[in-house]
Amino acid sequence: MLVDMLKGFLVGVCASAPIGPIAILVVQKSLSKGHKAGFVSGLGASVVDTMYAFIAIFALAFAQKFIDAHQNMILLVGGAVMVVVGLNMAFSDPFRKMKADGDPTVSPKDFGQAVAMGLSNPMAIFVMFTLFAFFGLADDSPHSWRVTPIILSVSAGSVSYWFSVSWMLSRFRRKFKMNTILWISRITGAIVVIIGIALLGQGLFNVIFKGMPIV
């Protein structure tokens, strides 16, 4: 069991490691608002990773059918979420909510943005399932008592990864001038917007030119 829990921890780390919109969000929050805000955003990502790990074990077949049947809706809604979050990152002032002592506040919005961004990419379920298979955890029966500690280990791995990343990034933020951090926020937000537009474009292309249904 200890070995399986260690494997679950590694699954959580590996699922969080790829550079994507959530990683960009955590980088932006860590540099502009500090460790706490970056870590809170990472916690949002960890919640989604844990949910996807649960689905990968208990309901992968159902999730695959749902994604296949609603592919265009997922692309359109997910793309719209990406665009909104990216625009917010690009045009909001990262220093607007700083306290008098210079320490930026942490908002539930930091958590919510990461959750929304994670939920807009349900294909991550298959990444999670692939990692479970790679580490030899996919053969466990969903009704086995061994599943619960494995899922908790996945969550712990994801939380540990984002804690480490946000902490390291926050150490560098004092070396950047405010104007530099502001431009980092603008650029990272623009990248997320581009990803969202690409998803929206793919969904619209499927619906308009291929005649595929939205739902």
# chains A, B, ... in the order shown; residues from 1 in each chain; ligands from 1
$ closest_atom_pairs --of "stretch 4-90 of chain A" --to "stretch 146-151 of chain A" --cutoff "7 Å" --atoms "only C-alpha atoms" --output "CSV"
residue,atom,partner,partner_atom,distance
A:Asp4,CA,A:Ile150,CA,6.6
A:Met5,CA,A:Ile150,CA,5.1
A:Gly8,CA,A:Ile150,CA,5.2
A:Thr50,CA,A:Ile151,CA,6.7
A:Ala53,CA,A:Ile151,CA,6.5
A:Phe54,CA,A:Ile151,CA,6.7
$ closest_atom_pairs --of "stretch 140-204 of chain A" --to "stretch 85-92 of chain A" --cutoff "12 Å" --atoms "only C-alpha atoms" --output "tab-separated table"
residue	atom	partner	partner_atom	distance
A:Ile181	CA	A:Ala90	CA	11.4
A:Leu182	CA	A:Ala90	CA	8.8
A:Trp183	CA	A:Ala90	CA	8.5
A:Ile184	CA	A:Ala90	CA	8.8
A:Ser185	CA	A:Ala90	CA	5.7
A:Arg186	CA	A:Ala90	CA	4.0
A:Ile187	CA	A:Ala90	CA	6.8
A:Thr188	CA	A:Ala90	CA	7.1
A:Gly189	CA	A:Gly86	CA	4.3
A:Ala190	CA	A:Ala90	CA	6.1
A:Ile191	CA	A:Gly86	CA	7.4
A:Val192	CA	A:Gly86	CA	4.9
A:Val193	CA	A:Gly86	CA	4.7
A:Ile194	CA	A:Gly86	CA	8.4
A:Ile195	CA	A:Gly86	CA	9.0
A:Gly196	CA	A:Gly86	CA	8.1
A:Ile197	CA	A:Gly86	CA	10.3
$ write_last_selection --atoms "N, CA and C atoms" --output "CSV table (one decimal), in the first residue's frame"
chain,number,residue,atom,x,y,z
A,181,ILE,N,6.6,43.1,-13.6
A,181,ILE,CA,5.6,42.2,-13.2
A,181,ILE,C,4.3,42.5,-13.9
A,182,LEU,N,4.0,43.7,-14.1
A,182,LEU,CA,2.8,44.1,-14.8
A,182,LEU,C,2.8,43.6,-16.2
A,183,TRP,N,3.9,43.7,-16.9
A,183,TRP,CA,4.0,43.2,-18.3
A,183,TRP,C,4.0,41.7,-18.3
A,184,ILE,N,4.5,41.0,-17.3
A,184,ILE,CA,4.4,39.5,-17.2
A,184,ILE,C,2.9,39.1,-17.1
A,185,SER,N,2.2,39.9,-16.3
A,185,SER,CA,0.7,39.6,-16.2
A,185,SER,C,0.0,39.8,-17.6
A,186,ARG,N,0.4,40.9,-18.3
A,186,ARG,CA,-0.2,41.1,-19.6
A,186,ARG,C,0.1,40.0,-20.6
A,187,ILE,N,1.4,39.6,-20.6
A,187,ILE,CA,1.8,38.6,-21.6
A,187,ILE,C,1.2,37.2,-21.3
A,188,THR,N,1.2,36.8,-20.0
A,188,THR,CA,0.7,35.5,-19.6
A,188,THR,C,-0.8,35.5,-19.9
A,189,GLY,N,-1.5,36.6,-19.6
A,189,GLY,CA,-2.9,36.7,-19.9
A,189,GLY,C,-3.2,36.6,-21.4
A,190,ALA,N,-2.4,37.2,-22.2
A,190,ALA,CA,-2.6,37.1,-23.6
A,190,ALA,C,-2.4,35.7,-24.1
A,191,ILE,N,-1.5,35.0,-23.5
A,191,ILE,CA,-1.2,33.6,-23.9
A,191,ILE,C,-2.5,32.7,-23.7
A,192,VAL,N,-3.1,33.0,-22.5
A,192,VAL,CA,-4.3,32.2,-22.1
A,192,VAL,C,-5.4,32.6,-23.1
A,193,VAL,N,-5.5,33.9,-23.4
A,193,VAL,CA,-6.6,34.3,-24.4
A,193,VAL,C,-6.4,33.6,-25.7
A,194,ILE,N,-5.2,33.5,-26.2
A,194,ILE,CA,-4.9,32.9,-27.5
A,194,ILE,C,-5.3,31.4,-27.4
A,195,ILE,N,-5.0,30.7,-26.3
A,195,ILE,CA,-5.4,29.3,-26.1
A,195,ILE,C,-7.0,29.2,-26.2
A,196,GLY,N,-7.6,30.1,-25.5
A,196,GLY,CA,-9.1,30.1,-25.5
A,196,GLY,C,-9.7,30.4,-26.9
A,197,ILE,N,-9.1,31.3,-27.6
A,197,ILE,CA,-9.6,31.6,-29.0
A,197,ILE,C,-9.4,30.4,-29.9
$ residues_around --residues "A:Val127" --least-positions-apart "2" --cutoff "10 Å" --atoms "only C-alpha atoms" --output "ChimeraX atom specification"
/A:11,14-15,52-53,56,122-125,129-133
$ closest_residue --among "A:Asn72, A:Ser160, A:Gln202, A:Ser166" --to "A:Ala23" --atoms "only C-alpha atoms"
A:Ser166
$ residues_around --residues "A:Ser164" --least-positions-apart "3" --cutoff "12 Å" --atoms "only C-alpha atoms" --output "ChimeraX atom specification"
/A:13,16-17,26-27,30,35-36,38-39,42-43,157-161,167-171
$ write_last_selection --atoms "N, CA and C atoms" --output "compact mmCIF listing (two decimals), in the first residue's frame"
# COMPACT_ATOMS: atom_id res chain seq x y z
N VAL A 13 2.01 14.79 -8.93
CA VAL A 13 3.08 15.70 -9.37
C VAL A 13 3.14 15.76 -10.89
N SER A 16 0.38 17.68 -12.62
CA SER A 16 0.44 19.13 -12.45
C SER A 16 1.58 19.77 -13.23
N ALA A 17 2.61 18.97 -13.54
CA ALA A 17 3.85 19.53 -14.08
C ALA A 17 3.76 20.14 -15.48
N VAL A 26 -0.75 30.31 -12.24
CA VAL A 26 -0.01 30.25 -10.98
C VAL A 26 1.24 31.12 -11.04
N VAL A 27 1.93 31.10 -12.17
CA VAL A 27 3.11 31.95 -12.34
C VAL A 27 2.72 33.42 -12.19
N SER A 30 1.78 34.18 -8.51
CA SER A 30 2.93 34.11 -7.62
C SER A 30 3.83 35.33 -7.77
N HIS A 35 3.42 34.36 -2.69
CA HIS A 35 3.30 32.92 -2.49
C HIS A 35 1.88 32.48 -2.17
N LYS A 36 1.21 33.19 -1.27
CA LYS A 36 -0.12 32.77 -0.83
C LYS A 36 -1.11 32.74 -1.99
N GLY A 38 -0.43 32.56 -5.22
CA GLY A 38 -0.03 31.52 -6.16
C GLY A 38 -0.42 30.14 -5.65
N PHE A 39 -0.24 29.91 -4.35
CA PHE A 39 -0.57 28.61 -3.78
C PHE A 39 -2.07 28.37 -3.77
N GLY A 42 -2.98 27.30 -7.04
CA GLY A 42 -2.55 25.90 -7.17
C GLY A 42 -3.50 24.94 -6.48
N LEU A 43 -4.08 25.38 -5.35
CA LEU A 43 -5.06 24.54 -4.65
C LEU A 43 -6.29 24.31 -5.51
N GLY A 157 0.23 14.98 -3.84
CA GLY A 157 1.28 15.25 -4.82
C GLY A 157 1.03 16.54 -5.55
N SER A 158 -0.21 16.78 -5.96
CA SER A 158 -0.56 18.00 -6.67
C SER A 158 -0.39 19.23 -5.78
N VAL A 159 -0.87 19.13 -4.53
CA VAL A 159 -0.74 20.25 -3.60
C VAL A 159 0.74 20.56 -3.33
N SER A 160 1.54 19.53 -3.13
CA SER A 160 2.98 19.73 -2.86
C SER A 160 3.67 20.40 -4.03
N TYR A 161 3.29 19.98 -5.24
CA TYR A 161 3.91 20.56 -6.44
C TYR A 161 3.61 22.06 -6.52
N TRP A 167 6.03 28.93 -4.12
CA TRP A 167 7.03 29.44 -3.17
C TRP A 167 8.29 29.88 -3.89
N MET A 168 8.79 29.06 -4.82
CA MET A 168 10.01 29.41 -5.55
C MET A 168 9.81 30.66 -6.39
N LEU A 169 8.66 30.74 -7.06
CA LEU A 169 8.40 31.91 -7.90
C LEU A 169 8.27 33.18 -7.07
N SER A 170 7.66 33.06 -5.89
CA SER A 170 7.49 34.24 -5.04
C SER A 170 8.82 34.78 -4.54
N ARG A 171 9.84 33.90 -4.45
CA ARG A 171 11.17 34.35 -4.02
C ARG A 171 11.79 35.29 -5.05
$ atom_distance --atom1 "atom CA of A:Phe62" --atom2 "atom CA of A:Ile214"
18.8 Å
$ closest_residue --among "A:Val47, A:Ala69, A:Met1, A:Ile22" --to "A:Val154" --atoms "only C-alpha atoms"
A:Val47
$ atom_distance --atom1 "atom CA of A:Gly203" --atom2 "atom CA of A:Met73"
7.3 Å
$ closest_residue --among "A:Gly44, A:Leu152, A:Phe209, A:Met51" --to "A:Phe9" --atoms "only C-alpha atoms"
A:Leu152
$ select_by_dssp --residues "stretch 47-211 of chain A" --states "helix (DSSP H, G or I)" --output "ChimeraX atom specification"
/A:47-58,60-69,71-91,108-119,124-134,147-175,178-208
$ residues_around --residues "A:Pro108" --least-positions-apart "6" --cutoff "10 Å" --atoms "only C-alpha atoms" --output "list of chain:residue names"
A:Ala37, A:Val40, A:Ser41, A:Gly44
